[in-house]
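Comments concern the structure below.
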Amino acid sequence: SEERLMKRIMMVGAIVVSAALAGSIAMYGPELWAGYRFMQAVDQHDAAYQANGGAWPQLQDTCALCHGANGQPRDAQYAALAGQTAAYIENQLHAFAEGRRHSAQMEPLAANLTDEQIKRLAAYFSEQKPGVTEVPTKDDALDQRGQRVVAANGCAACHGEKLSGGPLAPRIAGQGQLYLSDQLSAFKCGQRTDPTQAMNAMAGTLSDEDIKAVAHYLAKLNP
């Protein structure tokens with residue numbers, strides 16, 4: 001009868017739809033699940049970011065291009081800010097702003113910051129977890145020489161236990177090798193000055209090979 005025919009057509013249609021749905025789930029299910037997990041990860045990252053520094057974008061985001069996310073760069077020529085003491089970061093930003101420390105990039109940037117912004121940046125980066133910027137190529141002889149020079153000059157007295165920073169001096173453990181050698185060379189030639197002159201005096205005693213060895217040794221230390 002016509003009624004039985006309609007029921008049969010509806011049943012066939014339901015089977016076709018079910019089969020198509022099952023096929024779609026089999027084909028696209030993994031992608032849909034991966035997309036869902038990705039969005040969950042984004043939401044979690046955003047929640048953690050806001051808890052850490054506030055809603056995006058924040059002032060510290062302008063520093064990420066050179067100094068890396070959370071102040072931990074992956075380019076050995078830039079300073080790692082993560083885990084530095086707030087007082088040290090404040091002092092260096094003021095030094096850049098006032099022309100007492102020289103950098104074509106940092107001087108104009110720091111000069112445009114207010115005292116309150118400097119304090120906010122210093123506080124933020126001081127709370128971030130430090131790490132190793134870049135592990136240099138293995139060279140045991142260079143490491144041993146660097147370790148001897150660091151010990152002979154008593155670097156830990158100012159730079160703290162494990163050279164991870166102290167009240168008087170910054171974290172140097174895990175900084176990029178290129179950044180470390182550049183700064184030691186700058187202190188040696190007087191391009192960068194330490195208010196106490198201690199760094200200038202110490203760096204002045206180092207040979208170029210000593211500077212290379214110290215930078216190599218310090219770069220691989222995990223702060």
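Residues in the structure tokens are named by chain (A, B, ... in the order shown) and by number from 1 within that chain; ligands are numbered from 1 in the order shown.
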Between segment 93-201 of chain A and segment 61-69 of chain A, at 12 Å or less, what are the per-residue closest atom pairs and their distances in Å? Count only C-alpha atoms, order by chain and rising residue number, and return it as CSV.
residue,atom,partner,partner_atom,distance
A:Gln105,CA,A:Cys66,CA,10.1
A:Met106,CA,A:Cys63,CA,10.1
A:Leu109,CA,A:Cys63,CA,9.8
A:Ala110,CA,A:Cys63,CA,11.0
A:Leu113,CA,A:Thr62,CA,11.9
A:Leu121,CA,A:Cys63,CA,9.4
A:Ala122,CA,A:Cys63,CA,11.8
A:Tyr124,CA,A:Asp61,CA,10.9
A:Phe125,CA,A:Ala69,CA,10.2
A:Gln128,CA,A:Ala69,CA,9.8
A:Lys129,CA,A:Ala69,CA,10.9
A:Pro130,CA,A:Ala69,CA,11.2
A:Gly131,CA,A:Gly68,CA,11.5
A:Thr133,CA,A:Gly68,CA,9.6
A:Gln175,CA,A:His67,CA,11.1
A:Gly176,CA,A:His67,CA,11.0
A:Tyr179,CA,A:His67,CA,11.5
(message) I'd like the interatomic distance between atom CA of Ala151 of chain A and atom CA of Val214 of chain A, to a tenth of an Å.
(response)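 Those two atoms sit 10.3 Å apart.
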(request) Find the residue from A:Ala111, A:Asn91, A:Ile172, A:Glu134 that sits nearest to Asp194 of chain A; use only C-alpha atoms when measuring. (result) A:Asn91
(message) I'd like to know which of A:Ala95, A:Tyr78, A:Lys119, A:Asp210 is closest to Arg148 of chain A, using only C-alpha atoms.
(response) A:Asp210
(request) Can you pull out every residue within 12 Å of Ala152 of chain A, counting only C-alpha atoms, but drop anything in the same chain fewer than 5 positions away, and send it as number ranges by chain? (result) A: 145-147, 157, 202, 205-206, 210, 214
(request) For segment 141-143 of chain A, work out the shell of residues within 7 Å, counting only C-alpha atoms and skipping chain neighbours fewer than 5 positions away, then give it as a list in words. (result)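 So, after excluding close chain neighbours, the residues are Ala213, His216 and Tyr217 of chain A.
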(request) Check segment 33-176 of chain A with DSSP on the backbone and list each residue it calls alpha helix (DSSP H), as a PyMOL selection string. (result) chain A and resi 33-53+64-67+86-97+106-111+115-126+140-152+156-159
(message) Residues near Gln177 of chain A, anyone? I mean within 12 Å using only C-alpha atoms, not counting same-chain ones fewer than 4 positions away, as JSON, numbers by chain.
(response) {"A": [74, 75, 76, 77, 78, 79, 80, 132, 133, 134, 135, 136, 137, 146, 172, 173, 181, 182, 183, 184, 211, 212, 213, 214, 215, 216, 217, 218, 219, 220, 221]}
(message) Residues near Ala198 of chain A, anyone? I mean within 12 Å using only C-alpha atoms, not counting same-chain ones fewer than 4 positions away, as a list in words.
(response)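 So the residues in contact are Asn153, Gly154, Cys155, Ala157, Cys158, Leu168, Ala169, Leu184, Phe187, Lys188, Gly190, Arg192, Thr193, Asp194, Met202, Ala203, Gly204 and Thr205 of chain A.
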(message) Which residue is closest to Gln84 of chain A? Choose from A:Pro108, A:Gly99, A:Gly71, A:Pro195 and count only C-alpha atoms.
(response)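 Between A:Pro108, A:Gly99, A:Gly71, A:Pro195, the residue approaching Gln84 of chain A most closely is A:Gly71.
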(message) Would you compute the distance between atom CA of His94 of chain A and atom CA of Glu116 of chain A? Give it in Å to one decimal.
(response)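 For atom CA of His94 of chain A relative to atom CA of Glu116 of chain A, the distance reads 11.7 Å.
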(request) Calculate how many Å separate atom CA of Pro73 of chain A from atom CA of Pro223 of chain A, rounding to one decimal. (result) 14.2 Å
